[in-house]
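Everything below concerns the one structure shown next.
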Amino acid sequence: METILETRNLRVEFRARSSANGKKIAVNDLNLNVRRGEVFGFLGPNGAGKTTTMNVLLGFVNATSGSAFLFGVNVREPIARQRIGYLPELTYYYKFLTAEELLRFYGRVFKIPRKETDRRIESLLKLVELDSARKRPIKTYSKGMQQRVGLAQALINDPDLLILDEPTSGLDPLGRMKVREIIQRLKNEGKTVFFSSHELGEVETVCDRVAIINQGELKVEGRVSELVEQHQANLEQIFLKIIGYQAEVLA
Amino acid sequence: MNTILALSGVVIKELYRRKDFYVLFVLTAVITLVMGSVHFFNDPKIVRYLKETCLLLIWVSALVVAIGTTARQIPAERENRTIFPLLAKPVTRAHVVVGKFFGCWLACGLALIVFYLFFGVVSGSRENHWPLLQYFQALWLQWIMLGIVIALVLFGSVVFTAPSSNATICFILVIGILLLGRYLNVVALREPEPLRSIVYTIYFLIPHLEWYDVRDFVIYEQNLIGWGNCGLATIYGLVYAAMLLFATWLVFRRKALSL
């Protein structure tokens, strides 16, 4: 199956005065491989290096060594991001724009023809249930609505790969369910989804494969069903065990 | 180019959805109209004072709009995190810099047109003639000057952390150049070495914004400025703005963006 997202020996270091050698290793020798049509969960405790890895994939941060590829193109090339959609953890958009204007703006960035943009705006606003609020400035939206407009902007270019950074963070149960439904729908359409989340139950429900990292290092990678069978525990217990909380799990 | 125009469109929308421009325009209009309604000493040439006041208000307002709007562009993108979904698309940091520049410059151009239309109507209604080419030259040169100012503020916005400190520093610098820039070479001649060389270097390095201030030509209805000179001033302004934008990109492309 075609590899959509790949990291090879990825290493990211930051300068840190508090550290003895003056640097902090955020990601260490990370090798990931996400294939077409997969929903891939990227898990780890806070500070594990998930967001840093995503930052490298999105071109915000340069890797200290190693490399990362999207669709076989090095992430340092802006064209690598032509076929991806990205939803950041905390979504803030131009508050003076309406949802429709925001989607039109991103449509122009992707050089999508006007008629096609109109068509996609219609279907996306229906998908994220913001059709009735399309003419309202984003500053009047609730957090859940902002998250949904974020999801719509991530889908405007009909991406083949979606990178979602904690997409359900801060949402109420109904909002989470809707995001889950959208991910499931994208999966059914054959899209590849790479997402980080702390909601392990949700990850277990929607993901084909997961990777768990801790302190910048990959600890485990595999199919959810195989991991559950191998460890004879649910994903949350496996996660806690891998990051070093066996005592609590056993208790 | 599509990306740059899309980014510019957002900046223009921001300007006309904020109150800054409207407040400045209303203030300019009210002060000018109040002054225009008063007759001092039955002086038939009193309209010159009216034109002088109105043009001064237009210059101050245009600088406030240009500096205020530009200073918050890149810091607001970072603070509100809108830069992340933007750069996650096939958008480079060079696109962001150039798009923001064009957006602010075009927005200021639109604001200037509104101001000069008002000026033309007020002065024309008092003098009963409309030297349109003179107004066009004044507007054009002021717009080119604003291009340099916007590029300077954009550079400041990637160097200084707070938009307010950037705006203050740029405002002082621009006013300083407008008031003192033309005298620096004269000052240099009076100074001993090495101060003379230092002042001369500054004189040749600073953007000569004062060249674009042709208010007196409009107020005293002097002859039109040569179109060749206007062209040279335009080229000088564009080259200066381009150099500042290049410097902005050099600094911005190395700026760490952390979530």
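Each chain of the structure tokens is named A, B, ... in the order shown, its residues numbered from 1; ligands are numbered from 1 in display order.
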- Task: Step one, run DSSP on the backbone; step two, keep only residues of stretch 10-251 of chain A assigned to alpha helix (DSSP H); then write them as a ChimeraX atom specification.
- Result: /A:50-57,99-109,114-127,143-155,173-188,200-206,224-231,235-242,246-250
- Query: Could you list, as JSON, numbers by chain, every residue of chain A that has an atom within 8 Å of an atom of chain B, counting only C-alpha atoms?
  - Reply: {"A": [51, 58, 59, 60, 61, 78, 79, 80, 81, 82, 84, 85, 86, 87, 88, 91, 92, 93, 94, 96, 97, 105, 108, 109, 110, 111]}
- Item | Å distance separating atom CA of A:Lys23 from atom CA of B:Arg78, one decimal place |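 Separation of atom CA of A:Lys23 and atom CA of B:Arg78: 24.5 Å.
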- Item | Pairwise distance for atom CA of B:Trp59 and atom CA of B:Ile175, rounded to one decimal in Å |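 Between atom CA of B:Trp59 and atom CA of B:Ile175 the gap is 10.8 Å.
You can rank B:Ala188, B:Pro75, B:Gly231, B:Leu110 by their closest distance to B:Ile12 using only C-alpha atoms, and at the top of that list sits B:Leu110.
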- Task: Determine, counting only C-alpha atoms, which protein, DNA and RNA residues have an atom within 8 Å of an atom of A:Gly49; residues of the same chain fewer than 3 positions away are not included. Present the result as a count of residues only.
- Result: 10
- Excluding B:Val122 and residues on its chain fewer than 4 positions from it, collect all residues at most 8 Å away from it, counting only C-alpha atoms, and give them as number ranges by chain. B: 33, 118, 126
- Query: Which one of A:Ile4, A:Leu90, A:Val128, A:Leu10 sits closest to A:Gly72 if you count only C-alpha atoms?
  - Reply: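 With only C-alpha atoms as the atom set, the closest residue is A:Ile4.
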- Item | stretch 39-217 of chain A: residues DSSP assigns to strand (DSSP E or B), reported as a PyMOL selection string | chain A and resi 39-43+65-70+73-74+84-87+98+137+161-165+192-196+209-214+217
Just the selected residues (N, CA and C atoms), exported as a compact mmCIF listing (two decimals), in the first residue's frame, please.
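As a result, result-v6.txt now contains:
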# COMPACT_ATOMS: atom_id res chain seq x y z
N VAL A 39 -6.52 5.31 9.29
CA VAL A 39 -6.70 6.32 10.34
C VAL A 39 -5.66 5.97 11.40
N PHE A 40 -4.70 6.88 11.55
CA PHE A 40 -3.53 6.58 12.37
C PHE A 40 -3.56 7.48 13.62
N GLY A 41 -3.56 6.87 14.78
CA GLY A 41 -3.57 7.63 16.04
C GLY A 41 -2.15 7.84 16.54
N PHE A 42 -1.83 9.08 16.85
CA PHE A 42 -0.48 9.41 17.31
C PHE A 42 -0.61 9.82 18.78
N LEU A 43 -0.17 8.95 19.66
CA LEU A 43 -0.45 9.13 21.08
C LEU A 43 0.80 9.37 21.90
N SER A 65 17.98 16.57 12.43
CA SER A 65 18.50 15.57 11.49
C SER A 65 17.36 14.62 11.12
N GLY A 66 17.62 13.79 10.14
CA GLY A 66 16.56 12.91 9.64
C GLY A 66 15.67 13.69 8.68
N SER A 67 14.63 13.04 8.22
CA SER A 67 13.77 13.71 7.25
C SER A 67 12.33 13.24 7.38
N ALA A 68 11.44 14.04 6.81
CA ALA A 68 10.02 13.71 6.83
C ALA A 68 9.45 13.94 5.44
N PHE A 69 8.52 13.09 5.05
CA PHE A 69 7.96 13.16 3.69
C PHE A 69 6.43 13.05 3.75
N LEU A 70 5.79 13.83 2.90
CA LEU A 70 4.35 13.69 2.68
C LEU A 70 4.15 13.37 1.21
N VAL A 73 7.20 13.63 -0.90
CA VAL A 73 7.86 14.93 -1.09
C VAL A 73 8.37 15.42 0.26
N ASN A 74 9.61 15.89 0.28
CA ASN A 74 10.17 16.39 1.53
C ASN A 74 9.32 17.54 2.07
N ILE A 84 -2.82 18.21 1.73
CA ILE A 84 -3.15 17.90 3.14
C ILE A 84 -4.14 18.93 3.70
N GLY A 85 -4.83 18.51 4.74
CA GLY A 85 -5.68 19.41 5.50
C GLY A 85 -5.19 19.34 6.94
N TYR A 86 -5.18 20.50 7.63
CA TYR A 86 -4.64 20.52 8.98
C TYR A 86 -5.62 21.24 9.92
N LEU A 87 -5.89 20.59 11.03
CA LEU A 87 -6.71 21.22 12.06
C LEU A 87 -5.87 21.34 13.32
N THR A 98 -16.60 35.87 7.97
CA THR A 98 -17.65 34.88 8.20
C THR A 98 -17.08 33.51 7.79
N PRO A 137 -20.08 36.61 11.58
CA PRO A 137 -18.63 36.66 11.81
C PRO A 137 -18.21 35.56 12.78
N LEU A 161 -4.77 13.63 2.77
CA LEU A 161 -4.27 13.36 4.12
C LEU A 161 -4.76 14.47 5.06
N LEU A 162 -5.34 14.06 6.17
CA LEU A 162 -5.78 15.03 7.18
C LEU A 162 -4.90 14.90 8.41
N ILE A 163 -4.35 16.01 8.87
CA ILE A 163 -3.56 15.99 10.09
C ILE A 163 -4.36 16.75 11.15
N LEU A 164 -4.78 16.04 12.17
CA LEU A 164 -5.64 16.65 13.19
C LEU A 164 -4.93 16.60 14.54
N ASP A 165 -4.74 17.77 15.13
CA ASP A 165 -4.07 17.83 16.43
C ASP A 165 -5.14 17.97 17.51
N THR A 192 -6.77 9.45 4.22
CA THR A 192 -5.84 9.06 5.28
C THR A 192 -5.93 10.12 6.38
N VAL A 193 -6.04 9.66 7.62
CA VAL A 193 -6.15 10.60 8.74
C VAL A 193 -5.05 10.28 9.74
N PHE A 194 -4.30 11.35 10.09
CA PHE A 194 -3.24 11.21 11.08
C PHE A 194 -3.62 12.15 12.22
N PHE A 195 -3.93 11.58 13.39
CA PHE A 195 -4.35 12.51 14.44
C PHE A 195 -3.84 12.14 15.81
N SER A 196 -3.64 13.21 16.60
CA SER A 196 -3.20 13.00 17.98
C SER A 196 -4.41 13.24 18.87
N ARG A 209 -4.44 1.99 13.13
CA ARG A 209 -3.15 1.75 13.78
C ARG A 209 -2.83 2.92 14.69
N VAL A 210 -1.98 2.65 15.67
CA VAL A 210 -1.55 3.73 16.58
C VAL A 210 -0.04 3.65 16.78
N ALA A 211 0.51 4.79 17.16
CA ALA A 211 1.92 4.85 17.60
C ALA A 211 1.91 5.57 18.93
N ILE A 212 2.65 5.07 19.88
CA ILE A 212 2.73 5.75 21.19
C ILE A 212 4.17 6.22 21.36
N ILE A 213 4.32 7.52 21.61
CA ILE A 213 5.68 8.02 21.86
C ILE A 213 5.75 8.58 23.27
N ASN A 214 6.94 8.51 23.82
CA ASN A 214 7.18 9.05 25.15
C ASN A 214 8.59 9.63 25.17
N GLU A 217 10.58 9.46 21.97
CA GLU A 217 10.94 8.18 21.34
C GLU A 217 9.71 7.32 21.08
- Task: Return the single residue from B:Gln142, B:Leu132, B:Val23, B:Phe171 that is closest to B:Val64, with distances computed using only C-alpha atoms.
- Result: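 Once distances to B:Val64 are computed over only C-alpha atoms, the minimum belongs to B:Phe171.
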- For stretch 230-239 of chain A, list every protein, DNA or RNA residue within 12 Å, evaluated using only C-alpha atoms, and leave out those in the same chain fewer than 3 positions away; present the list as number ranges by chain. A: 41-45, 197-205, 207, 209-214, 219-227, 242-251
- Do you know which residues are at most 10 Å from B:Ile169 counting only C-alpha atoms, after dropping those on the same chain fewer than 4 positions away, and could you put them as a VMD selection string? chain B and resid 153 156 160 163 to 165 173 to 174
- Nearby residues (only C-alpha atoms) at most 10 Å from B:Arg196, same-chain spacing under 4 positions excluded, as a VMD selection string: chain B and resid 184 to 192 200 to 202
Using N, CA and C atoms, can you export the residues from the last selection as a compact mmCIF listing (two decimals), in the first residue's frame?
# COMPACT_ATOMS: atom_id res chain seq x y z
N LEU B 184 19.72 66.90 7.17
CA LEU B 184 20.87 66.14 7.69
C LEU B 184 22.16 66.44 6.95
N ASN B 185 22.09 66.63 5.63
CA ASN B 185 23.32 66.91 4.88
C ASN B 185 23.88 68.28 5.26
N VAL B 186 23.00 69.23 5.55
CA VAL B 186 23.44 70.57 5.97
C VAL B 186 24.11 70.47 7.34
N VAL B 187 23.48 69.68 8.21
CA VAL B 187 24.04 69.48 9.56
C VAL B 187 25.43 68.83 9.44
N ALA B 188 25.54 67.85 8.55
CA ALA B 188 26.81 67.13 8.38
C ALA B 188 27.93 68.08 8.01
N LEU B 189 27.65 69.06 7.16
CA LEU B 189 28.69 69.99 6.70
C LEU B 189 29.28 70.80 7.85
N ARG B 190 28.48 71.02 8.87
CA ARG B 190 28.92 71.85 10.00
C ARG B 190 29.69 71.05 11.05
N GLU B 191 29.65 69.71 10.93
CA GLU B 191 30.26 68.87 11.96
C GLU B 191 31.69 68.49 11.58
N PRO B 192 32.56 68.30 12.61
CA PRO B 192 33.91 67.82 12.32
C PRO B 192 33.88 66.31 12.04
N TYR B 200 26.44 62.00 7.37
CA TYR B 200 26.26 61.82 5.91
C TYR B 200 25.77 60.42 5.58
N THR B 201 26.36 59.43 6.25
CA THR B 201 25.95 58.04 6.01
C THR B 201 24.47 57.87 6.34
N ILE B 202 24.07 58.44 7.48
CA ILE B 202 22.65 58.36 7.86
C ILE B 202 21.79 59.04 6.80
